[in-house]
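One file, data_31.csv, carrying CSV, C-alpha atoms:
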```csv
chain,number,residue,atom,x,y,z
S,24,MET,CA,-24.0,3.7,13.3
S,25,LEU,CA,-22.5,0.2,13.7
S,26,ILE,CA,-24.7,-2.8,14.1
S,27,ILE,CA,-23.2,-6.3,14.5
S,28,LEU,CA,-25.5,-8.8,12.9
S,29,GLU,CA,-23.4,-11.9,13.3
S,30,ASP,CA,-20.1,-12.9,15.1
S,31,LEU,CA,-18.0,-14.9,12.8
S,32,GLY,CA,-15.3,-15.8,15.4
S,33,LYS,CA,-11.7,-14.7,15.8
S,34,THR,CA,-10.0,-12.8,13.0
S,35,GLY,CA,-8.5,-15.2,10.5
S,36,SER,CA,-10.8,-18.1,11.6
S,37,VAL,CA,-13.0,-17.8,8.5
S,38,SER,CA,-12.2,-17.2,4.8
S,39,LYS,CA,-12.8,-14.0,3.0
S,40,GLU,CA,-15.2,-15.7,0.7
S,41,TYR,CA,-17.3,-16.9,3.7
S,42,MET,CA,-17.3,-13.4,5.2
S,43,LEU,CA,-18.4,-11.9,1.9
S,44,SER,CA,-21.1,-14.5,1.5
S,45,ARG,CA,-22.5,-13.6,5.0
S,46,GLU,CA,-22.4,-9.9,4.2
S,47,GLN,CA,-24.2,-10.6,0.9
S,48,PHE,CA,-26.8,-12.6,2.8
S,49,TYR,CA,-27.6,-9.6,5.0
S,50,LEU,CA,-27.5,-7.1,2.1
S,51,ASP,CA,-30.0,-9.2,0.1
S,52,LYS,CA,-32.3,-9.5,3.1
S,53,LEU,CA,-32.1,-5.7,3.7
S,54,PHE,CA,-32.8,-4.7,0.1
S,55,LYS,CA,-35.5,-7.4,-0.2
S,56,THR,CA,-37.3,-6.2,2.9
S,57,TYR,CA,-36.8,-2.5,2.1
S,58,PRO,CA,-36.5,-2.2,-1.7
S,59,PHE,CA,-36.7,1.6,-1.7
S,60,LEU,CA,-34.3,2.1,1.1
S,61,ALA,CA,-32.3,5.2,0.4
S,62,LEU,CA,-29.0,4.0,1.7
S,63,ASN,CA,-25.8,5.2,0.1
S,64,ASN,CA,-24.5,1.6,0.0
S,65,SER,CA,-23.3,-0.8,-2.5
S,66,PRO,CA,-25.7,-3.7,-3.2
S,67,THR,CA,-22.9,-6.2,-3.7
S,68,ALA,CA,-20.6,-7.4,-0.8
S,69,GLY,CA,-16.9,-6.8,-1.4
S,70,THR,CA,-17.2,-4.5,-4.4
S,71,THR,CA,-18.4,-0.9,-5.2
S,72,LEU,CA,-20.0,-2.1,-8.4
S,73,GLY,CA,-23.5,-0.7,-8.4
S,74,PHE,CA,-22.6,2.1,-5.9
S,75,LYS,CA,-24.4,5.4,-6.6
S,76,HIS,CA,-23.7,8.7,-4.9
S,77,LYS,CA,-26.6,10.8,-3.8
S,78,ALA,CA,-27.4,13.8,-5.9
S,79,GLU,CA,-26.3,16.1,-3.1
S,80,PHE,CA,-22.8,14.6,-3.3
S,81,SER,CA,-22.1,15.9,-6.8
S,82,GLU,CA,-23.8,19.3,-5.9
S,83,LYS,CA,-21.4,19.7,-3.0
S,84,ARG,CA,-18.4,19.0,-5.2
S,85,SER,CA,-19.2,21.6,-7.8
S,86,GLY,CA,-19.5,25.3,-7.9
S,87,VAL,CA,-19.3,27.5,-4.8
S,88,LEU,CA,-19.3,24.6,-2.4
S,89,ASN,CA,-16.0,23.3,-3.9
S,90,PRO,CA,-13.1,24.7,-1.8
S,91,MET,CA,-11.1,25.2,-5.0
S,92,TRP,CA,-13.9,27.1,-6.8
S,93,ASN,CA,-13.0,30.5,-8.2
S,94,LYS,CA,-9.4,30.4,-7.0
S,95,GLU,CA,-6.6,32.2,-8.9
S,96,PHE,CA,-3.6,30.0,-9.7
S,97,SER,CA,-0.2,31.4,-10.6
S,98,PRO,CA,1.2,30.5,-14.0
S,99,GLU,CA,4.0,28.7,-12.1
S,100,PHE,CA,1.5,26.5,-10.3
S,101,ILE,CA,-0.4,25.7,-13.5
S,102,TYR,CA,2.9,24.9,-15.3
S,103,MET,CA,4.0,22.5,-12.5
S,104,GLN,CA,0.6,20.7,-12.7
S,105,LYS,CA,0.6,20.3,-16.5
S,106,ARG,CA,4.3,19.8,-17.3
S,107,ASP,CA,5.6,16.5,-18.6
S,108,LYS,CA,7.0,14.5,-15.6
S,109,SER,CA,8.4,11.5,-17.5
S,110,GLY,CA,12.1,10.6,-18.1
S,111,ASN,CA,14.6,13.5,-17.6
S,112,ASN,CA,11.8,15.8,-16.4
S,113,ASN,CA,11.1,13.5,-13.3
S,114,PRO,CA,13.0,14.7,-10.3
S,115,GLN,CA,13.6,11.1,-9.3
S,116,TYR,CA,14.9,10.0,-12.7
S,117,ARG,CA,18.2,8.1,-12.4
S,118,VAL,CA,18.3,8.7,-8.6
S,119,LYS,CA,20.0,5.7,-7.0
S,120,ASN,CA,19.0,4.9,-3.4
S,121,SER,CA,21.9,4.2,-1.1
S,122,PRO,CA,22.3,0.7,0.4
S,123,ALA,CA,21.3,2.2,3.8
S,124,THR,CA,18.0,3.6,2.3
S,125,ILE,CA,17.3,0.3,0.5
S,126,ALA,CA,17.9,-1.6,3.8
S,127,LYS,CA,15.4,0.7,5.6
S,128,LEU,CA,12.8,0.1,2.9
S,129,THR,CA,13.2,-3.6,2.6
S,130,LYS,CA,10.8,-5.7,4.6
S,131,LEU,CA,12.4,-9.0,5.7
S,132,VAL,CA,10.8,-12.4,6.0
S,133,TYR,CA,12.3,-14.9,8.3
S,134,VAL,CA,11.6,-18.5,7.3
S,135,TYR,CA,11.7,-21.3,9.8
S,136,ASN,CA,11.2,-25.1,9.6
S,137,TYR,CA,7.8,-25.9,11.2
S,138,GLU,CA,9.1,-29.2,12.8
S,139,ASP,CA,12.1,-27.9,14.8
S,140,MET,CA,11.9,-24.1,14.3
S,141,SER,CA,15.3,-24.1,12.7
S,142,HIS,CA,16.1,-21.0,10.6
S,143,GLN,CA,16.0,-21.7,6.9
S,144,GLY,CA,16.7,-18.3,5.6
S,145,THR,CA,16.1,-14.5,5.6
S,146,TYR,CA,14.6,-13.0,2.4
S,147,SER,CA,13.1,-9.8,1.2
S,148,THR,CA,9.4,-10.1,0.5
S,149,VAL,CA,10.0,-10.4,-3.3
S,150,GLU,CA,12.9,-12.9,-2.8
S,151,CYS,CA,10.7,-15.0,-0.5
S,152,ILE,CA,7.9,-15.2,-3.0
S,153,LYS,CA,10.2,-16.3,-5.7
S,154,GLU,CA,12.3,-18.7,-3.6
S,155,ILE,CA,9.4,-20.5,-1.9
S,156,LYS,CA,7.1,-20.2,-5.0
S,157,LEU,CA,4.0,-18.7,-3.4
S,158,GLY,CA,1.9,-15.6,-4.1
S,159,LYS,CA,2.1,-12.3,-2.3
S,160,ASP,CA,-1.4,-12.7,-0.8
S,161,THR,CA,-0.5,-16.2,0.4
S,162,LEU,CA,2.7,-14.9,2.1
S,163,GLN,CA,0.8,-12.1,3.7
S,164,LYS,CA,-1.9,-14.5,5.0
S,165,TYR,CA,0.7,-16.8,6.6
S,166,LEU,CA,2.7,-13.9,8.0
S,167,LYS,CA,-0.4,-12.6,9.8
S,168,SER,CA,-1.8,-15.9,11.0
S,169,GLY,CA,1.5,-17.5,12.1
S,170,LYS,CA,0.3,-20.8,10.8
S,171,PRO,CA,2.6,-23.1,8.9
S,172,PHE,CA,2.6,-23.3,5.0
S,173,LYS,CA,4.4,-26.1,3.1
S,174,GLY,CA,6.2,-27.1,6.4
S,175,ARG,CA,7.5,-23.5,7.0
S,176,ILE,CA,6.7,-20.7,9.4
S,177,PHE,CA,7.0,-17.2,8.1
S,178,SER,CA,7.7,-14.2,10.4
S,179,ARG,CA,8.6,-10.5,10.1
S,180,MET,CA,10.3,-10.8,13.5
S,181,LYS,CA,13.6,-12.6,14.0
S,182,LEU,CA,12.9,-15.7,16.2
S,183,HIS,CA,16.4,-17.1,16.3
S,184,ASP,CA,19.8,-15.9,17.6
```
How does this structure look as structure tokens?
Amino acid sequence: MLIILEDLGKTGSVSKEYMLSREQFYLDKLFKTYPFLALNNSPTAGTTLGFKHKAEFSEKRSGVLNPMWNKEFSPEFIYMQKRDKSGNNNPQYRVKNSPATIAKLTKLVYVYNYEDMSHQGTYSTVECIKEIKLGKDTLQKYLKSGKPFKGRIFSRMKLHD
């Protein structure tokens, strides 16, 4: 069941800290009003600290209720699970990706001047973080919001010719 207790506005209009403080407010109210409430919820907003599974959860995951219970595994399967997969034993060890593969995997960030929308550069995510000197979380935030940061606009889409 989903119950909306409070509308905090459009996505991105309030900080994560504020959202967590409102969530904590309602959790505190709930657990104060119903101290013996048997919910399978965490008592702290934004973390699973203090989260406890019900007894039935562990019962369902052990013995005959576990789908892997009493299965016979081949020696080859057991070997594959237990073998050392580091260094030369790793199938990806010393495998070099082609430039085409790297290009497919690289997420580009287009940086524009906020004043006149002139293109300042195109970077991979890591290069942009180093060049502009900002954290990954900050970059992600401004990529999503489209708002300027340090006089720059960041975009995953090319906005220039």
Near-region 141-157 of chain S list (10 Å; all atoms listed in the file; drop same-chain fewer than 5 positions) as a VMD selection string: chain S and resid 126 129 to 136 162 to 163 172 to 173 175 to 179 181 to 184
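Interatomic distance, CA of Ile26 (chain S) to CA of Arg45 (chain S): 14.3 Å.
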Separation of CA of Tyr137 (chain S) from CA of Lys164 (chain S) in Å: 16.2 Å
Find the distance between CA of Met180 (chain S) and CA of Leu166 (chain S) and write it in Å to one decimal.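 Those two atoms sit 9.9 Å apart.
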Return the single residue from S:Leu31, S:Ile101, S:Leu25, S:Ala68 that is closest to Glu46 (chain S), with distances computed using all atoms listed in the file.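 Result for the nearest residue to Glu46 (chain S): S:Ala68.
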Would you please work out which residue, of S:Lys33, S:Gly169, S:Thr161, S:Gly174, is nearest to Glu138 (chain S) when using all atoms listed in the file? S:Gly174
Counting only C-alpha atoms, closest pick from S:Met140, S:Val87, S:Asp30, S:Gly69 relative to Leu43 (chain S) is S:Gly69
Compare S:Lys52, S:Ala123, S:Asn93, S:Tyr102 by their minimum atom-to-atom distance to Leu28 (chain S), counting only C-alpha atoms, and give me the closest one.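 Under the stated criterion, the closest residue is S:Lys52.
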